[in-house]
Amino acid sequence: MNEQTINIGLFMLTIGTFIGGVWAAESWGRYWGWDSKEVWALISILVYAFVLHTRFIPGLKGKYIFNLMSVWSVYSIIMTFWGVNYLLSGLHSYGAGEVVPIPIYIWISVLALIIISILAKINHKRHKI
């Protein structure tokens with residue numbers, strides 16, 4: 001179910017990025033300007049494409065690795081929609097030029113995800129036959 005959801009999400013993310021390029025061509029006269037939002041949309045597409053293609057890499061096959069990477073890849077979407085708007089400068093940002101420190105709750109969420117990943121690995125090893 002996770003793989004099917006990522007397939008649909010990657011398809012929609014890719015279509016949305018292409019439609020955004022068409023909109024940019026109509027608005028600004030160019031399809032791609034290497035703005036931070038555009039770059040992070042591309043990075044998100046590449047991250048999720050990598051997650052989907054890991055099932056073809058022998059060393060990265062398996063449910064645990066796939067699910068772990070799919071959970072961690074959510075941070076690319078968070079960076080695309082939140083981080084670019086508030087932490088970086090560019091056409092799509094609200095903090096143009098201001099230096100904004102990374103909020104503490106980002107570090108807490110990363111630490112929580114590391115702990116959950118370790119506990120999931122321990123649980124996976126214990127139930128693996």
# chains A, B, ... in the order shown; residues from 1 in each chain; ligands from 1
call {"tool": "residues_around", "arguments": {"residues": "region 53-59 of chain A", "least_positions_apart": "3", "cutoff": "12 Å", "atoms": "only C-alpha atoms", "output": "PyMOL selection string"}}
result
chain A and resi 3+6-7+46-50+62-70
call {"tool": "closest_atom_pairs", "arguments": {"of": "region 36-92 of chain A", "to": "region 99-114 of chain A", "cutoff": "12 Å", "atoms": "only C-alpha atoms", "output": "JSON lines"}}
result
{"residue": "A:Leu68", "atom": "CA", "partner": "A:Leu113", "partner_atom": "CA", "distance": 9.7}
{"residue": "A:Met69", "atom": "CA", "partner": "A:Leu113", "partner_atom": "CA", "distance": 11.4}
{"residue": "A:Val71", "atom": "CA", "partner": "A:Leu113", "partner_atom": "CA", "distance": 8.6}
{"residue": "A:Trp72", "atom": "CA", "partner": "A:Leu113", "partner_atom": "CA", "distance": 7.9}
{"residue": "A:Ser73", "atom": "CA", "partner": "A:Leu113", "partner_atom": "CA", "distance": 11.5}
{"residue": "A:Val74", "atom": "CA", "partner": "A:Leu113", "partner_atom": "CA", "distance": 11.1}
{"residue": "A:Tyr75", "atom": "CA", "partner": "A:Val110", "partner_atom": "CA", "distance": 9.1}
{"residue": "A:Ile78", "atom": "CA", "partner": "A:Ile106", "partner_atom": "CA", "distance": 10.2}
{"residue": "A:Met79", "atom": "CA", "partner": "A:Ile106", "partner_atom": "CA", "distance": 10.6}
{"residue": "A:Trp82", "atom": "CA", "partner": "A:Ile106", "partner_atom": "CA", "distance": 11.2}
{"residue": "A:Gly83", "atom": "CA", "partner": "A:Ile102", "partner_atom": "CA", "distance": 9.1}
{"residue": "A:Val84", "atom": "CA", "partner": "A:Val100", "partner_atom": "CA", "distance": 11.4}
{"residue": "A:Asn85", "atom": "CA", "partner": "A:Val100", "partner_atom": "CA", "distance": 11.2}
{"residue": "A:Tyr86", "atom": "CA", "partner": "A:Val100", "partner_atom": "CA", "distance": 7.7}
{"residue": "A:Leu87", "atom": "CA", "partner": "A:Val100", "partner_atom": "CA", "distance": 5.8}
{"residue": "A:Leu88", "atom": "CA", "partner": "A:Val99", "partner_atom": "CA", "distance": 8.3}
{"residue": "A:Ser89", "atom": "CA", "partner": "A:Val99", "partner_atom": "CA", "distance": 9.2}
call {"tool": "write_last_selection", "arguments": {"atoms": "N, CA and C atoms", "output": "mmCIF file, in the first residue's frame"}}
result
data_model
loop_
_atom_site.group_PDB
_atom_site.id
_atom_site.type_symbol
_atom_site.label_atom_id
_atom_site.label_comp_id
_atom_site.auth_asym_id
_atom_site.auth_seq_id
_atom_site.Cartn_x
_atom_site.Cartn_y
_atom_site.Cartn_z
ATOM 1 N N LEU A 68 11.421 2.707 5.647
ATOM 2 C CA LEU A 68 12.265 3.683 6.323
ATOM 3 C C LEU A 68 12.588 4.860 5.397
ATOM 4 N N MET A 69 12.950 4.549 4.158
ATOM 5 C CA MET A 69 13.261 5.622 3.211
ATOM 6 C C MET A 69 12.020 6.437 2.865
ATOM 7 N N VAL A 71 9.531 7.096 4.839
ATOM 8 C CA VAL A 71 9.243 7.987 5.973
ATOM 9 C C VAL A 71 10.219 9.164 5.973
ATOM 10 N N TRP A 72 11.496 8.892 5.758
ATOM 11 C CA TRP A 72 12.492 9.958 5.745
ATOM 12 C C TRP A 72 12.318 10.891 4.553
ATOM 13 N N SER A 73 11.796 10.383 3.448
ATOM 14 C CA SER A 73 11.647 11.223 2.261
ATOM 15 C C SER A 73 10.563 12.284 2.422
ATOM 16 N N VAL A 74 9.738 12.150 3.419
ATOM 17 C CA VAL A 74 8.726 13.174 3.693
ATOM 18 C C VAL A 74 9.398 14.518 3.986
ATOM 19 N N TYR A 75 10.621 14.483 4.517
ATOM 20 C CA TYR A 75 11.325 15.726 4.812
ATOM 21 C C TYR A 75 11.638 16.525 3.547
ATOM 22 N N ILE A 78 8.478 18.454 3.115
ATOM 23 C CA ILE A 78 8.397 19.500 4.134
ATOM 24 C C ILE A 78 9.308 20.667 3.755
ATOM 25 N N MET A 79 10.513 20.339 3.266
ATOM 26 C CA MET A 79 11.431 21.401 2.852
ATOM 27 C C MET A 79 10.880 22.159 1.654
ATOM 28 N N TRP A 82 7.512 24.095 3.176
ATOM 29 C CA TRP A 82 7.665 24.971 4.329
ATOM 30 C C TRP A 82 9.034 25.628 4.355
ATOM 31 N N GLY A 83 10.060 24.830 4.203
ATOM 32 C CA GLY A 83 11.424 25.345 4.333
ATOM 33 C C GLY A 83 11.771 26.398 3.307
ATOM 34 N N VAL A 84 11.381 26.171 2.061
ATOM 35 C CA VAL A 84 11.685 27.147 1.008
ATOM 36 C C VAL A 84 10.961 28.456 1.271
ATOM 37 N N ASN A 85 9.743 28.385 1.738
ATOM 38 C CA ASN A 85 8.962 29.607 1.961
ATOM 39 C C ASN A 85 9.503 30.456 3.097
ATOM 40 N N TYR A 86 10.018 29.825 4.140
ATOM 41 C CA TYR A 86 10.398 30.577 5.332
ATOM 42 C C TYR A 86 11.889 30.619 5.623
ATOM 43 N N LEU A 87 12.670 29.698 5.059
ATOM 44 C CA LEU A 87 14.090 29.648 5.386
ATOM 45 C C LEU A 87 14.990 30.142 4.258
ATOM 46 N N LEU A 88 14.566 30.011 3.017
ATOM 47 C CA LEU A 88 15.396 30.415 1.876
ATOM 48 C C LEU A 88 14.846 31.681 1.239
ATOM 49 N N SER A 89 15.673 32.317 0.422
ATOM 50 C CA SER A 89 15.194 33.492 -0.292
ATOM 51 C C SER A 89 14.972 33.125 -1.758
#
call {"tool": "closest_residue", "arguments": {"among": "A:Thr17, A:Gln4, A:Ser117, A:Ser44", "to": "Trp32 (chain A)", "atoms": "only C-alpha atoms"}}
result
A:Thr17
call {"tool": "atom_distance", "arguments": {"atom1": "CA of Ile43 (chain A)", "atom2": "CA of Gly16 (chain A)"}}
result
13.7 Å
call {"tool": "atom_distance", "arguments": {"atom1": "CA of Arg30 (chain A)", "atom2": "CA of Gly9 (chain A)"}}
result
25.8 Å
call {"tool": "select_by_dssp", "arguments": {"residues": "region 47-126 of chain A", "states": "alpha helix (DSSP H)", "output": "ChimeraX atom specification"}}
result
/A:47-53,63-72,74-78,84-86,104-126
call {"tool": "atom_distance", "arguments": {"atom1": "CA of Lys61 (chain A)", "atom2": "CA of Arg126 (chain A)"}}
result
18.6 Å
call {"tool": "residues_around", "arguments": {"residues": "Trp40 (chain A)", "least_positions_apart": "2", "cutoff": "9 Å", "atoms": "only C-alpha atoms", "output": "PyMOL selection string"}}
result
chain A and resi 35-38+42-45+76-77+79-81+84
